>>> print(open('input01.tsv').read())   # TSV, N, CA and C atoms
chain	number	residue	atom	x	y	z
F	1	MET	N	99.17	72.06	45.48
F	1	MET	CA	98.21	73.15	45.54
F	1	MET	C	96.82	72.56	45.76
F	2	GLU	N	95.96	73.39	46.30
F	2	GLU	CA	94.60	72.94	46.56
F	2	GLU	C	93.62	74.07	46.30
F	3	TYR	N	92.36	73.69	46.13
F	3	TYR	CA	91.28	74.64	45.86
F	3	TYR	C	90.97	75.45	47.11
F	4	GLN	N	90.84	76.76	46.94
F	4	GLN	CA	90.50	77.67	48.04
F	4	GLN	C	89.35	78.57	47.56
F	5	ASN	N	88.59	79.10	48.49
F	5	ASN	CA	87.61	80.13	48.13
F	5	ASN	C	87.25	80.97	49.34
F	6	CYS	N	86.70	82.13	49.07
F	6	CYS	CA	86.15	82.98	50.12
F	6	CYS	C	85.18	83.95	49.48
F	7	ASN	N	84.29	84.46	50.31
F	7	ASN	CA	83.29	85.41	49.86
F	7	ASN	C	83.39	86.64	50.76
F	8	LEU	N	83.75	87.77	50.17
F	8	LEU	CA	83.91	89.01	50.94
F	8	LEU	C	82.67	89.88	50.84
F	9	ASN	N	82.51	90.76	51.79
F	9	ASN	CA	81.33	91.62	51.87
F	9	ASN	C	81.41	92.83	50.92
F	10	ILE	N	81.99	92.65	49.78
F	10	ILE	CA	82.01	93.69	48.73
F	10	ILE	C	80.89	93.31	47.78
F	11	ARG	N	79.72	93.90	48.01
F	11	ARG	CA	78.51	93.50	47.31
F	11	ARG	C	78.21	94.39	46.10
F	12	TYR	N	77.47	93.84	45.17
F	12	TYR	CA	77.08	94.55	43.95
F	12	TYR	C	76.23	95.78	44.22
F	13	ASP	N	75.57	95.86	45.36
F	13	ASP	CA	74.66	96.97	45.64
F	13	ASP	C	75.33	98.11	46.42
F	14	LEU	N	76.64	98.09	46.53
F	14	LEU	CA	77.36	99.22	47.14
F	14	LEU	C	77.27	100.43	46.22
F	15	PRO	N	77.46	101.62	46.76
F	15	PRO	CA	77.44	102.82	45.91
F	15	PRO	C	78.47	102.71	44.78
F	16	ILE	N	78.12	103.22	43.61
F	16	ILE	CA	78.97	103.11	42.43
F	16	ILE	C	80.36	103.70	42.67
F	17	GLU	N	80.44	104.78	43.45
F	17	GLU	CA	81.75	105.38	43.71
F	17	GLU	C	82.66	104.45	44.52
F	18	ILE	N	82.07	103.54	45.27
F	18	ILE	CA	82.85	102.53	46.00
F	18	ILE	C	83.25	101.40	45.04
F	19	LEU	N	82.29	100.92	44.26
F	19	LEU	CA	82.57	99.82	43.33
F	19	LEU	C	83.63	100.20	42.31
F	20	GLU	N	83.68	101.45	41.93
F	20	GLU	CA	84.68	101.90	40.95
F	20	GLU	C	86.11	101.83	41.51
F	21	LYS	N	86.24	101.74	42.83
F	21	LYS	CA	87.56	101.65	43.46
F	21	LYS	C	88.07	100.21	43.56
F	22	VAL	N	87.20	99.24	43.38
F	22	VAL	CA	87.60	97.84	43.55
F	22	VAL	C	88.76	97.46	42.62
F	23	PRO	N	88.76	97.85	41.34
F	23	PRO	CA	89.92	97.52	40.49
F	23	PRO	C	91.23	98.11	41.01
F	24	LEU	N	91.17	99.20	41.75
F	24	LEU	CA	92.39	99.76	42.35
F	24	LEU	C	92.97	98.80	43.38
F	25	VAL	N	92.09	98.10	44.08
F	25	VAL	CA	92.54	97.09	45.04
F	25	VAL	C	93.15	95.91	44.28
F	26	TYR	N	92.47	95.45	43.24
F	26	TYR	CA	92.98	94.33	42.45
F	26	TYR	C	94.42	94.57	42.02
F	27	LYS	N	94.67	95.75	41.50
F	27	LYS	CA	95.98	96.07	40.91
F	27	LYS	C	97.11	96.10	41.94
F	28	GLN	N	96.78	96.28	43.22
F	28	GLN	CA	97.80	96.33	44.27
F	28	GLN	C	98.19	94.95	44.78
F	29	MET	N	97.46	93.95	44.37
F	29	MET	CA	97.69	92.61	44.91
F	29	MET	C	98.79	91.86	44.17
F	30	PRO	N	99.59	91.07	44.90
F	30	PRO	CA	100.61	90.25	44.26
F	30	PRO	C	99.99	89.34	43.20
F	31	GLY	N	100.67	89.20	42.08
F	31	GLY	CA	100.24	88.31	41.02
F	31	GLY	C	99.24	88.88	40.04
F	32	TRP	N	98.90	90.17	40.17
F	32	TRP	CA	97.88	90.77	39.30
F	32	TRP	C	98.26	90.64	37.83
F	33	LEU	N	97.34	90.08	37.04
F	33	LEU	CA	97.53	89.95	35.59
F	33	LEU	C	96.63	90.89	34.81
F	34	GLY	N	95.43	91.12	35.32
F	34	GLY	CA	94.46	91.95	34.62
F	34	GLY	C	93.15	91.20	34.46
F	35	PHE	N	92.28	91.79	33.65
F	35	PHE	CA	90.97	91.19	33.38
F	35	PHE	C	91.09	90.28	32.16
F	36	GLY	N	90.38	89.16	32.20
F	36	GLY	CA	90.42	88.23	31.09
F	36	GLY	C	89.95	88.89	29.80
F	37	LYS	N	90.69	88.62	28.70
F	37	LYS	CA	90.31	89.14	27.38
F	37	LYS	C	91.12	88.42	26.31
F	38	ASP	N	90.66	88.53	25.09
F	38	ASP	CA	91.37	87.98	23.93
F	38	ASP	C	91.78	86.52	24.12
F	39	GLY	N	90.89	85.73	24.72
F	39	GLY	CA	91.16	84.31	24.90
F	39	GLY	C	91.99	83.96	26.12
F	40	LEU	N	92.45	84.96	26.85
F	40	LEU	CA	93.19	84.71	28.09
F	40	LEU	C	92.21	84.82	29.26
F	41	GLY	N	91.92	83.72	29.89
F	41	GLY	CA	90.99	83.73	31.01
F	41	GLY	C	89.58	84.04	30.56
F	42	GLU	N	88.70	84.14	31.54
F	42	GLU	CA	87.30	84.45	31.27
F	42	GLU	C	87.15	85.95	31.07
F	43	GLU	N	86.48	86.33	30.01
F	43	GLU	CA	86.31	87.74	29.62
F	43	GLU	C	85.80	88.58	30.79
F	44	GLY	N	86.53	89.64	31.13
F	44	GLY	CA	86.11	90.59	32.14
F	44	GLY	C	86.32	90.16	33.58
F	45	ILE	N	86.85	88.97	33.79
F	45	ILE	CA	87.06	88.45	35.14
F	45	ILE	C	88.49	88.76	35.57
F	46	PRO	N	88.68	89.30	36.80
F	46	PRO	CA	90.04	89.58	37.27
F	46	PRO	C	90.81	88.29	37.54
F	47	HIS	N	92.09	88.31	37.15
F	47	HIS	CA	92.97	87.15	37.31
F	47	HIS	C	94.27	87.55	37.99
F	48	TRP	N	94.77	86.64	38.82
F	48	TRP	CA	96.08	86.80	39.45
F	48	TRP	C	96.88	85.52	39.19
F	49	PHE	N	98.16	85.67	39.01
F	49	PHE	CA	99.16	84.60	38.88
F	49	PHE	C	99.10	83.84	37.56
F	50	SER	N	97.94	83.36	37.14
F	50	SER	CA	97.82	82.62	35.88
F	50	SER	C	96.39	82.71	35.37
F	51	TYR	N	96.23	82.67	34.04
F	51	TYR	CA	94.90	82.58	33.45
F	51	TYR	C	94.41	81.14	33.43
F	52	ASN	N	95.29	80.21	33.72
F	52	ASN	CA	94.97	78.79	33.75
F	52	ASN	C	94.67	78.38	35.19
F	53	GLN	N	93.43	78.02	35.45
F	53	GLN	CA	93.03	77.70	36.81
F	53	GLN	C	93.56	76.35	37.30
F	54	ASN	N	94.23	75.60	36.43
F	54	ASN	CA	94.90	74.37	36.86
F	54	ASN	C	96.28	74.67	37.44
F	55	GLU	N	96.76	75.88	37.24
F	55	GLU	CA	98.02	76.35	37.81
F	55	GLU	C	97.71	77.23	39.01
F	56	LYS	N	98.75	77.69	39.69
F	56	LYS	CA	98.55	78.65	40.79
F	56	LYS	C	97.80	79.84	40.22
F	57	SER	N	96.63	80.13	40.78
F	57	SER	CA	95.80	81.19	40.24
F	57	SER	C	94.76	81.65	41.25
F	58	VAL	N	94.27	82.86	41.02
F	58	VAL	CA	93.15	83.41	41.78
F	58	VAL	C	92.26	84.13	40.77
F	59	VAL	N	90.95	83.95	40.90
F	59	VAL	CA	89.97	84.70	40.11
F	59	VAL	C	88.90	85.21	41.06
F	60	ALA	N	88.20	86.25	40.63
F	60	ALA	CA	87.13	86.82	41.45
F	60	ALA	C	85.92	87.10	40.58
F	61	SER	N	84.75	87.06	41.20
F	61	SER	CA	83.52	87.45	40.51
F	61	SER	C	82.56	88.05	41.53
F	62	VAL	N	81.81	89.03	41.08
F	62	VAL	CA	80.82	89.66	41.95
F	62	VAL	C	79.54	88.83	41.89
F	63	GLU	N	79.13	88.35	43.04
F	63	GLU	CA	77.92	87.53	43.17
F	63	GLU	C	76.95	88.27	44.09
F	64	PRO	N	75.66	87.88	44.10
F	64	PRO	CA	74.71	88.55	44.99
F	64	PRO	C	75.17	88.57	46.45
F	65	SER	N	75.90	87.54	46.87
F	65	SER	CA	76.35	87.47	48.27
F	65	SER	C	77.63	88.25	48.54
F	66	GLY	N	78.33	88.69	47.49
F	66	GLY	CA	79.56	89.45	47.68
F	66	GLY	C	80.60	89.10	46.64
F	67	LEU	N	81.82	89.53	46.89
F	67	LEU	CA	82.93	89.27	45.98
F	67	LEU	C	83.49	87.88	46.27
F	68	LEU	N	83.30	86.98	45.32
F	68	LEU	CA	83.70	85.59	45.49
F	68	LEU	C	85.06	85.36	44.85
F	69	PHE	N	85.99	84.84	45.64
F	69	PHE	CA	87.31	84.47	45.15
F	69	PHE	C	87.40	82.95	45.10
F	70	THR	N	87.98	82.44	44.03
F	70	THR	CA	88.36	81.04	43.96
F	70	THR	C	89.84	81.01	43.60
F	71	ALA	N	90.55	80.07	44.18
F	71	ALA	CA	91.99	80.04	43.99
F	71	ALA	C	92.49	78.61	43.94
F	72	ASN	N	93.64	78.46	43.33
F	72	ASN	CA	94.38	77.21	43.34
F	72	ASN	C	95.77	77.55	43.85
F	73	MET	N	95.98	77.34	45.14
F	73	MET	CA	97.27	77.65	45.76
F	73	MET	C	97.38	76.97	47.11
F	74	GLU	N	98.58	76.95	47.64
F	74	GLU	CA	98.82	76.36	48.95
F	74	GLU	C	98.10	77.18	50.03
F	75	LEU	N	97.63	76.50	51.07
F	75	LEU	CA	96.83	77.13	52.11
F	75	LEU	C	97.52	78.33	52.75
F	76	ASN	N	98.76	78.19	53.17
F	76	ASN	CA	99.44	79.30	53.86
F	76	ASN	C	99.56	80.52	52.97
F	77	GLU	N	99.91	80.31	51.70
F	77	GLU	CA	100.01	81.43	50.77
F	77	GLU	C	98.65	82.07	50.54
F	78	TRP	N	97.61	81.24	50.44
F	78	TRP	CA	96.25	81.75	50.26
F	78	TRP	C	95.83	82.61	51.45
F	79	LEU	N	96.08	82.13	52.64
F	79	LEU	CA	95.69	82.89	53.83
F	79	LEU	C	96.40	84.24	53.88
F	80	GLU	N	97.67	84.28	53.51
F	80	GLU	CA	98.40	85.54	53.47
F	80	GLU	C	97.85	86.46	52.38
F	81	TRP	N	97.60	85.92	51.21
F	81	TRP	CA	97.10	86.72	50.08
F	81	TRP	C	95.73	87.31	50.43
F	82	LYS	N	94.87	86.47	50.99
F	82	LYS	CA	93.51	86.89	51.36
F	82	LYS	C	93.56	87.98	52.43
F	83	ALA	N	94.40	87.83	53.43
F	83	ALA	CA	94.53	88.84	54.49
F	83	ALA	C	95.01	90.17	53.91
F	84	GLU	N	95.96	90.10	52.97
F	84	GLU	CA	96.46	91.32	52.32
F	84	GLU	C	95.35	91.99	51.51
F	85	PHE	N	94.54	91.20	50.81
F	85	PHE	CA	93.44	91.78	50.04
F	85	PHE	C	92.48	92.51	50.98
F	86	LYS	N	92.11	91.88	52.08
F	86	LYS	CA	91.19	92.50	53.03
F	86	LYS	C	91.76	93.81	53.58
F	87	ARG	N	93.05	93.82	53.90
F	87	ARG	CA	93.69	95.02	54.44
F	87	ARG	C	93.66	96.15	53.41
F	88	ILE	N	94.08	95.88	52.20
F	88	ILE	CA	94.11	96.91	51.16
F	88	ILE	C	92.70	97.36	50.82
F	89	ALA	N	91.76	96.42	50.72
F	89	ALA	CA	90.38	96.77	50.40
F	89	ALA	C	89.76	97.65	51.48
F	90	THR	N	90.03	97.33	52.74
F	90	THR	CA	89.49	98.14	53.84
F	90	THR	C	90.02	99.57	53.75
F	91	GLU	N	91.31	99.72	53.51
F	91	GLU	CA	91.91	101.06	53.39
F	91	GLU	C	91.37	101.81	52.18
F	92	THR	N	91.24	101.14	51.06
F	92	THR	CA	90.85	101.78	49.80
F	92	THR	C	89.36	102.08	49.73
F	93	LEU	N	88.53	101.15	50.20
F	93	LEU	CA	87.09	101.29	50.05
F	93	LEU	C	86.43	102.04	51.20
F	94	GLY	N	87.10	102.13	52.35
F	94	GLY	CA	86.57	102.91	53.45
F	94	GLY	C	85.58	102.20	54.35
F	95	PHE	N	85.56	100.88	54.29
F	95	PHE	CA	84.76	100.10	55.24
F	95	PHE	C	85.49	98.80	55.54
F	96	ILE	N	85.09	98.15	56.63
F	96	ILE	CA	85.76	96.92	57.04
F	96	ILE	C	85.37	95.80	56.09
F	97	VAL	N	86.36	95.28	55.38
F	97	VAL	CA	86.14	94.19	54.42
F	97	VAL	C	86.50	92.88	55.11
F	98	GLY	N	85.59	91.93	55.03
F	98	GLY	CA	85.83	90.63	55.64
F	98	GLY	C	84.84	89.60	55.15
F	99	GLU	N	84.89	88.44	55.79
F	99	GLU	CA	84.04	87.32	55.43
F	99	GLU	C	82.92	87.17	56.45
F	100	ILE	N	81.68	87.26	55.99
F	100	ILE	CA	80.53	87.06	56.87
F	100	ILE	C	80.54	85.64	57.41
F	101	GLU	N	80.86	84.66	56.55
F	101	GLU	CA	80.86	83.25	56.94
F	101	GLU	C	81.87	82.95	58.05
F	102	GLU	N	82.93	83.74	58.12
F	102	GLU	CA	83.95	83.56	59.16
F	102	GLU	C	83.68	84.44	60.37
F	103	ASP	N	82.55	85.13	60.37
F	103	ASP	CA	82.13	86.01	61.46
F	103	ASP	C	83.09	87.19	61.67
F	104	GLU	N	83.78	87.58	60.58
F	104	GLU	CA	84.67	88.75	60.65
F	104	GLU	C	83.87	90.05	60.56
F	105	VAL	N	82.76	89.99	59.84
F	105	VAL	CA	81.88	91.15	59.64
F	105	VAL	C	80.44	90.66	59.65
F	106	GLY	N	79.51	91.60	59.80
F	106	GLY	CA	78.09	91.28	59.71
F	106	GLY	C	77.55	91.68	58.35
F	107	TYR	N	76.25	91.62	58.21
F	107	TYR	CA	75.63	91.99	56.93
F	107	TYR	C	75.63	93.49	56.70
F	108	GLU	N	75.64	94.26	57.77
F	108	GLU	CA	75.68	95.72	57.64
F	108	GLU	C	77.12	96.17	57.41
F	109	ILE	N	77.29	97.10	56.49
F	109	ILE	CA	78.62	97.64	56.20
F	109	ILE	C	79.04	98.55	57.36
F	110	LYS	N	80.26	98.37	57.86
F	110	LYS	CA	80.82	99.24	58.91
F	110	LYS	C	81.80	100.20	58.25
F	111	TRP	N	81.32	101.43	58.01
F	111	TRP	CA	82.15	102.45	57.37
F	111	TRP	C	83.19	102.96	58.36
F	112	LEU	N	84.34	103.28	57.86
F	112	LEU	CA	85.43	103.80	58.71
F	112	LEU	C	85.27	105.29	58.92
>>> encode(input="input01.tsv", output="structure tokens")
Amino acid sequence: MEYQNCNLNIRYDLPIEILEKVPLVYKQMPGWLGFGKDGLGEEGIPHWFSYNQNEKSVVASVEPSGLLFTANMELNEWLEWKAEFKRIATETLGFIVGEIEEDEVGYEIKWL
């Protein structure tokens, strides 16, 4: 396994009614465990696969630049997981979700 990351255009300054839908996307993803609590993972942080980041795992945090994912998994599995997240997020949130750094989207939100 190896370290992976990506930053999606799901920003903290989106309308609250959009941000409230993000956990619905989390729950549809393979490996969903829930938000860290009671000593499992980091408090309030979404986790997939394992709460132990030394094992196969994915965590996310909202940063000024967008929704940041860090993962410990094989590249091919990561690419599939990430593509699935973008697809579900686009359908659920109503705008094209992608990575600005990969030139998939621009800084302006493209609503569907």
>>> residues_near_point(input="input01.tsv", point="(82.4, 83.3, 53.9)", cutoff="6.5 Å", atoms="all atoms listed in the file", output="PDB file with N, CA and C atoms, in the frame of the given file")
ATOM      1  N   CYS F   6      86.700  82.130  49.070  1.00  0.00           N
ATOM      2  CA  CYS F   6      86.150  82.980  50.120  1.00  0.00           C
ATOM      3  C   CYS F   6      85.180  83.950  49.480  1.00  0.00           C
ATOM      4  N   ASN F   7      84.290  84.460  50.310  1.00  0.00           N
ATOM      5  CA  ASN F   7      83.290  85.410  49.860  1.00  0.00           C
ATOM      6  C   ASN F   7      83.390  86.640  50.760  1.00  0.00           C
ATOM      7  N   LEU F   8      83.750  87.770  50.170  1.00  0.00           N
ATOM      8  CA  LEU F   8      83.910  89.010  50.940  1.00  0.00           C
ATOM      9  C   LEU F   8      82.670  89.880  50.840  1.00  0.00           C
ATOM     10  N   GLU F  99      84.890  88.440  55.790  1.00  0.00           N
ATOM     11  CA  GLU F  99      84.040  87.320  55.430  1.00  0.00           C
ATOM     12  C   GLU F  99      82.920  87.170  56.450  1.00  0.00           C
ATOM     13  N   ILE F 100      81.680  87.260  55.990  1.00  0.00           N
ATOM     14  CA  ILE F 100      80.530  87.060  56.870  1.00  0.00           C
ATOM     15  C   ILE F 100      80.540  85.640  57.410  1.00  0.00           C
ATOM     16  N   GLU F 101      80.860  84.660  56.550  1.00  0.00           N
ATOM     17  CA  GLU F 101      80.860  83.250  56.940  1.00  0.00           C
ATOM     18  C   GLU F 101      81.870  82.950  58.050  1.00  0.00           C
ATOM     19  N   GLU F 102      82.930  83.740  58.120  1.00  0.00           N
ATOM     20  CA  GLU F 102      83.950  83.560  59.160  1.00  0.00           C
ATOM     21  C   GLU F 102      83.680  84.440  60.370  1.00  0.00           C
TER      22      GLU F 102
END
>>> closest_residue(input="input01.tsv", among="F:Ala71, F:His47, F:Val58, F:Trp78", to="Pro23 (chain F)", atoms="only C-alpha atoms")
F:His47
>>> atom_distance(input="input01.tsv", atom1="atom C of Met1 (chain F)", atom2="atom C of Leu67 (chain F)")
20.3 Å
>>> closest_residue(input="input01.tsv", among="F:Met73, F:Leu14, F:Asn9, F:Gly36", to="Lys56 (chain F)", atoms="all atoms listed in the file")
F:Met73
>>> residues_around(input="input01.tsv", residues="Thr92 (chain F)", least_positions_apart="6", cutoff="8 Å", atoms="only N, CA and C atoms", output="list in words")
Ile18, Lys21, Val22, Leu24, Val25 and Lys86 of chain F
>>> select_by_dssp(input="input01.tsv", residues="chain F", states="strand (DSSP E)", output="compact mmCIF listing (two decimals) with N, CA and C atoms, in the coordinates of the input")
# COMPACT_ATOMS: atom_id res chain seq x y z
N GLU F 2 95.96 73.39 46.30
CA GLU F 2 94.60 72.94 46.56
C GLU F 2 93.62 74.07 46.30
N TYR F 3 92.36 73.69 46.13
CA TYR F 3 91.28 74.64 45.86
C TYR F 3 90.97 75.45 47.11
N GLN F 4 90.84 76.76 46.94
CA GLN F 4 90.50 77.67 48.04
C GLN F 4 89.35 78.57 47.56
N ASN F 5 88.59 79.10 48.49
CA ASN F 5 87.61 80.13 48.13
C ASN F 5 87.25 80.97 49.34
N CYS F 6 86.70 82.13 49.07
CA CYS F 6 86.15 82.98 50.12
C CYS F 6 85.18 83.95 49.48
N ASN F 7 84.29 84.46 50.31
CA ASN F 7 83.29 85.41 49.86
C ASN F 7 83.39 86.64 50.76
N LEU F 8 83.75 87.77 50.17
CA LEU F 8 83.91 89.01 50.94
C LEU F 8 82.67 89.88 50.84
N TRP F 32 98.90 90.17 40.17
CA TRP F 32 97.88 90.77 39.30
C TRP F 32 98.26 90.64 37.83
N LEU F 33 97.34 90.08 37.04
CA LEU F 33 97.53 89.95 35.59
C LEU F 33 96.63 90.89 34.81
N GLY F 34 95.43 91.12 35.32
CA GLY F 34 94.46 91.95 34.62
C GLY F 34 93.15 91.20 34.46
N PHE F 35 92.28 91.79 33.65
CA PHE F 35 90.97 91.19 33.38
C PHE F 35 91.09 90.28 32.16
N PRO F 46 88.68 89.30 36.80
CA PRO F 46 90.04 89.58 37.27
C PRO F 46 90.81 88.29 37.54
N HIS F 47 92.09 88.31 37.15
CA HIS F 47 92.97 87.15 37.31
C HIS F 47 94.27 87.55 37.99
N TRP F 48 94.77 86.64 38.82
CA TRP F 48 96.08 86.80 39.45
C TRP F 48 96.88 85.52 39.19
N SER F 57 96.63 80.13 40.78
CA SER F 57 95.80 81.19 40.24
C SER F 57 94.76 81.65 41.25
N VAL F 58 94.27 82.86 41.02
CA VAL F 58 93.15 83.41 41.78
C VAL F 58 92.26 84.13 40.77
N VAL F 59 90.95 83.95 40.90
CA VAL F 59 89.97 84.70 40.11
C VAL F 59 88.90 85.21 41.06
N ALA F 60 88.20 86.25 40.63
CA ALA F 60 87.13 86.82 41.45
C ALA F 60 85.92 87.10 40.58
N SER F 61 84.75 87.06 41.20
CA SER F 61 83.52 87.45 40.51
C SER F 61 82.56 88.05 41.53
N VAL F 62 81.81 89.03 41.08
CA VAL F 62 80.82 89.66 41.95
C VAL F 62 79.54 88.83 41.89
N GLU F 63 79.13 88.35 43.04
CA GLU F 63 77.92 87.53 43.17
C GLU F 63 76.95 88.27 44.09
N GLY F 66 78.33 88.69 47.49
CA GLY F 66 79.56 89.45 47.68
C GLY F 66 80.60 89.10 46.64
N LEU F 67 81.82 89.53 46.89
CA LEU F 67 82.93 89.27 45.98
C LEU F 67 83.49 87.88 46.27
N LEU F 68 83.30 86.98 45.32
CA LEU F 68 83.70 85.59 45.49
C LEU F 68 85.06 85.36 44.85
N PHE F 69 85.99 84.84 45.64
CA PHE F 69 87.31 84.47 45.15
C PHE F 69 87.40 82.95 45.10
N THR F 70 87.98 82.44 44.03
CA THR F 70 88.36 81.04 43.96
C THR F 70 89.84 81.01 43.60
N ALA F 71 90.55 80.07 44.18
CA ALA F 71 91.99 80.04 43.99
C ALA F 71 92.49 78.61 43.94
N ASN F 72 93.64 78.46 43.33
CA ASN F 72 94.38 77.21 43.34
C ASN F 72 95.77 77.55 43.85
N MET F 73 95.98 77.34 45.14
CA MET F 73 97.27 77.65 45.76
C MET F 73 97.38 76.97 47.11
>>> residues_around(input="input01.tsv", residues="Tyr51 (chain F)", least_positions_apart="4", cutoff="7 Å", atoms="all atoms listed in the file", output="PDB file with N, CA and C atoms, keeping the file's coordinate frame")
ATOM      1  N   LEU F  40      92.450  84.960  26.850  1.00  0.00           N
ATOM      2  CA  LEU F  40      93.190  84.710  28.090  1.00  0.00           C
ATOM      3  C   LEU F  40      92.210  84.820  29.260  1.00  0.00           C
ATOM      4  N   GLY F  41      91.920  83.720  29.890  1.00  0.00           N
ATOM      5  CA  GLY F  41      90.990  83.730  31.010  1.00  0.00           C
ATOM      6  C   GLY F  41      89.580  84.040  30.560  1.00  0.00           C
ATOM      7  N   GLU F  42      88.700  84.140  31.540  1.00  0.00           N
ATOM      8  CA  GLU F  42      87.300  84.450  31.270  1.00  0.00           C
ATOM      9  C   GLU F  42      87.150  85.950  31.070  1.00  0.00           C
ATOM     10  N   HIS F  47      92.090  88.310  37.150  1.00  0.00           N
ATOM     11  CA  HIS F  47      92.970  87.150  37.310  1.00  0.00           C
ATOM     12  C   HIS F  47      94.270  87.550  37.990  1.00  0.00           C
ATOM     13  N   GLU F  55      96.760  75.880  37.240  1.00  0.00           N
ATOM     14  CA  GLU F  55      98.020  76.350  37.810  1.00  0.00           C
ATOM     15  C   GLU F  55      97.710  77.230  39.010  1.00  0.00           C
ATOM     16  N   LYS F  56      98.750  77.690  39.690  1.00  0.00           N
ATOM     17  CA  LYS F  56      98.550  78.650  40.790  1.00  0.00           C
ATOM     18  C   LYS F  56      97.800  79.840  40.220  1.00  0.00           C
ATOM     19  N   SER F  57      96.630  80.130  40.780  1.00  0.00           N
ATOM     20  CA  SER F  57      95.800  81.190  40.240  1.00  0.00           C
ATOM     21  C   SER F  57      94.760  81.650  41.250  1.00  0.00           C
TER      22      SER F  57
END
>>> select_by_dssp(input="input01.tsv", residues="chain F", states="helix (DSSP H, G or I)", output="VMD selection string")
chain F and resid 16 to 19 22 to 28 75 to 93
>>> residues_around(input="input01.tsv", residues="Ser61 (chain F)", least_positions_apart="5", cutoff="9 Å", atoms="only C-alpha atoms", output="list of chain:residue names")
F:Ile45, F:Pro46, F:Gly66, F:Leu67, F:Leu68, F:Phe69, F:Thr70
>>> closest_residue(input="input01.tsv", among="F:Ala60, F:Gln4, F:Asp13, F:Met29", to="Trp81 (chain F)", atoms="only N, CA and C atoms")
F:Met29
>>> atom_distance(input="input01.tsv", atom1="atom N of Val97 (chain F)", atom2="CA of Ser50 (chain F)")
25.9 Å
>>> residues_around(input="input01.tsv", residues="Lys110 (chain F)", least_positions_apart="2", cutoff="7 Å", atoms="only C-alpha atoms", output="list of chain:residue names")
F:Phe95, F:Ile96, F:Glu108, F:Leu112
>>> atom_distance(input="input01.tsv", atom1="CA of Glu43 (chain F)", atom2="CA of Gly31 (chain F)")
18.0 Å
>>> closest_residue(input="input01.tsv", among="F:Leu93, F:Val105, F:Val59, F:Leu79", to="Glu20 (chain F)", atoms="only C-alpha atoms")
F:Leu93
>>> axis_aligned_box(input="input01.tsv", around="region 42-59 of chain F", padding_each_side="4 Å", output="JSON")
{"center_x": 92.5, "center_y": 82.5, "center_z": 35.7, "size_x": 21.4, "size_y": 24.2, "size_z": 20.2}
